[in-house]
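Written below as structure tokens is the structure these notes are about.
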Amino acid sequence: MDPIALKAEFPILHQDINGHPLVYLDNAATTQKPRSVIEAVKRYYEHDNANVHRGVHTLGTRATDAYEGAREKVAKFLNAPASRQIIFTRGTTTALNLVASGYARQTLREGDEIVITQMEHHANLIPWQQAAKATGATLKYIPLQSNGTIAIADVEATVTSHTKIVAIAYASNVLGTINPIASIAEIAHRNGAIIVVDGAQSAPHMKVDVQALDIDFYAFSGHKMCGPTGIGALYGKAKLLENMEPIEFGGEMIDFVDLYDSTWKEIPWKFEGGTPIIAGAVGLGAAIDFLEQVGLDHIHNHEIKLTRYAMERLSAIEGLTIYGPREERVGLVTFNLGDVHPHDVATVLDTNGVAVRAGHHCAQPLMKWLKVSATARASFYLYNTEHDVDRLAESLVKTKEFFGYEPTR
């Protein structure tokens, strides 16, 4: 894999920011889009734009074929048994809320347990808080190890016969931790629970086989994997989806409507009320084509090497604290530079053309566990290089000089 050649496919990356060539290191928030994705969306609007599933005219047929073809690509991408097990959503947040409202609130009872971790993004925490409040279920947390990982022994101790749902990120958007999903799924199923996986930070970076992992629900977003914003998907086991109730009602998701009652279409369409995100699905399909052409294994290996290099370079900066495990992590490094506020760090980095994220990263309970209010985060993708890491490290040294920061000796 040649990241320099791949970078040429991303028009936005070829610009100067504040007089410096852009170094984009905010990929965990959103990735940039290759020409093939931009052109696919443009081509759809210029040649095929119509509503889907409703018309028999040529444009309607083309639009439907493109939309359902994208569903087939997502199913193949995740190794789902069938495309009908893929629900298009606005993204990971919507997908997780669909499970929390459409499944959890229907099935949970007082005394049942929902098990999550403190490393969860708010999108995989707040919906379960609300489901617990609505049903009388109890929310439980698997404790974290000091390096931000979880131990299987702690999973075994936390998940009980009362546990009905285990909801966990495949990879942490702050710590970079890659969780042992297959082992956690086995423990959940052995105790009669299902596992819901937040795949926002895993789908873009590694091969995911929902059948091999035995995942019950898997959610991800297109914009974090070279696709458009506003599109994502939920995979679910067929039996679970068939027994779920939709949470949005209206056109397109119905089978028959009478004055006082209605029935729903079969999956996946009963969960996709109204005009769906057609162009977004087309763009997501193009993004999957692009990623599979590059190769998910190549992307993962590239990020492992780049993250290892970044850990070495940044660890050499006196006064800089890195959070999360040193090994077995996705391509991001979260850090603080002494007592300089992360927003100030990010602002100075931006003056040098380096884009990073700063804040609580939608993970306030994790910030509390880390005993910080916020952090800065550099996150990598297939078009980043060691030169980008060098620019980050050099800019961080300049940031120290700008604030006159001297570590306490």
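Every chain in the structure tokens has a letter given in the order shown (A, B, ...), and although residue numbers restart at 1 in each chain, ligands are simply numbered from 1 in the order shown.
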
Give me the residues within 10 Å of Val340 (chain A) as a PDB file with N, CA, C and O atoms, in the first residue's frame, counting only C-alpha atoms and dropping any in the same chain fewer than 5 places off.
ATOM      1  N   VAL A 345      -3.718  23.628  22.495  1.00  0.00           N
ATOM      2  CA  VAL A 345      -2.781  22.810  21.723  1.00  0.00           C
ATOM      3  C   VAL A 345      -3.269  22.673  20.288  1.00  0.00           C
ATOM      4  O   VAL A 345      -2.509  22.892  19.324  1.00  0.00           O
ATOM      5  N   THR A 399       4.575  24.201  19.950  1.00  0.00           N
ATOM      6  CA  THR A 399       3.499  24.553  20.877  1.00  0.00           C
ATOM      7  C   THR A 399       4.052  24.730  22.284  1.00  0.00           C
ATOM      8  O   THR A 399       3.676  25.669  23.003  1.00  0.00           O
ATOM      9  N   LYS A 400       4.934  23.829  22.684  1.00  0.00           N
ATOM     10  CA  LYS A 400       5.594  23.973  23.991  1.00  0.00           C
ATOM     11  C   LYS A 400       6.319  25.311  24.079  1.00  0.00           C
ATOM     12  O   LYS A 400       6.207  26.035  25.083  1.00  0.00           O
ATOM     13  N   PHE A 403       3.906  28.368  24.413  1.00  0.00           N
ATOM     14  CA  PHE A 403       3.330  28.575  25.744  1.00  0.00           C
ATOM     15  C   PHE A 403       4.387  28.658  26.841  1.00  0.00           C
ATOM     16  O   PHE A 403       4.054  28.825  28.016  1.00  0.00           O
ATOM     17  N   GLY A 404       5.654  28.503  26.448  1.00  0.00           N
ATOM     18  CA  GLY A 404       6.729  28.561  27.443  1.00  0.00           C
ATOM     19  C   GLY A 404       6.602  27.458  28.467  1.00  0.00           C
ATOM     20  O   GLY A 404       6.980  27.624  29.639  1.00  0.00           O
ATOM     21  N   TYR A 405       6.093  26.301  28.027  1.00  0.00           N
ATOM     22  CA  TYR A 405       5.862  25.214  28.969  1.00  0.00           C
ATOM     23  C   TYR A 405       7.148  24.480  29.280  1.00  0.00           C
ATOM     24  O   TYR A 405       7.887  24.075  28.384  1.00  0.00           O
TER      25      TYR A 405
END

Query raised in the report: Which residues, written as a ChimeraX atom specification, have at least one atom at most 6 Å from region 269-281 of chain A, with only C-alpha atoms counted and residues fewer than 5 positions away on the same chain left out?
Result: /A:41,67,70,228,231,246,249-253,264

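Closest approach to Ala167 (chain A) from the set A:Cys362, A:Ala104, A:Ala203, A:Met225 is made by A:Ala104, with distances taken over only C-alpha atoms.
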
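For His298 (chain A), the set of protein, DNA and RNA residues having any atom at most 9 Å away, when counting only C-alpha atoms and skipping those fewer than 3 positions along the same chain, is A:Met1, A:Met206, A:Val294, A:Gly295, A:Asn301, A:His302, A:Glu303, A:Leu382.
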
Give me a file of those residues, with N, CA and C atoms, as a PDB file, in the first residue's frame.
ATOM      1  N   MET A   1       0.838  -1.196   0.000  1.00  0.00           N
ATOM      2  CA  MET A   1       0.000   0.000   0.000  1.00  0.00           C
ATOM      3  C   MET A   1       0.871   1.242   0.000  1.00  0.00           C
ATOM      4  N   MET A 206     -10.349  -2.260   9.798  1.00  0.00           N
ATOM      5  CA  MET A 206     -10.012  -3.683   9.857  1.00  0.00           C
ATOM      6  C   MET A 206     -11.161  -4.503   9.284  1.00  0.00           C
ATOM      7  N   VAL A 294      -8.187  -1.167  -1.989  1.00  0.00           N
ATOM      8  CA  VAL A 294      -6.954  -0.953  -1.231  1.00  0.00           C
ATOM      9  C   VAL A 294      -6.639  -2.183  -0.393  1.00  0.00           C
ATOM     10  N   GLY A 295      -7.665  -2.730   0.266  1.00  0.00           N
ATOM     11  CA  GLY A 295      -7.501  -3.901   1.127  1.00  0.00           C
ATOM     12  C   GLY A 295      -7.512  -3.527   2.597  1.00  0.00           C
ATOM     13  N   ASN A 301      -2.600  -2.895   8.706  1.00  0.00           N
ATOM     14  CA  ASN A 301      -1.157  -3.031   8.924  1.00  0.00           C
ATOM     15  C   ASN A 301      -0.440  -1.689   8.801  1.00  0.00           C
ATOM     16  N   HIS A 302      -0.863  -0.873   7.852  1.00  0.00           N
ATOM     17  CA  HIS A 302      -0.279   0.457   7.697  1.00  0.00           C
ATOM     18  C   HIS A 302      -0.509   1.298   8.954  1.00  0.00           C
ATOM     19  N   GLU A 303      -1.720   1.239   9.490  1.00  0.00           N
ATOM     20  CA  GLU A 303      -2.038   2.034  10.679  1.00  0.00           C
ATOM     21  C   GLU A 303      -1.284   1.538  11.911  1.00  0.00           C
ATOM     22  N   LEU A 382      -5.526   5.820   5.872  1.00  0.00           N
ATOM     23  CA  LEU A 382      -4.728   5.199   4.827  1.00  0.00           C
ATOM     24  C   LEU A 382      -3.852   6.179   4.057  1.00  0.00           C
TER      25      LEU A 382
END

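One distance worth recording is that between CA of Phe217 (chain A) and CA of Ala82 (chain A), which is 13.9 Å.
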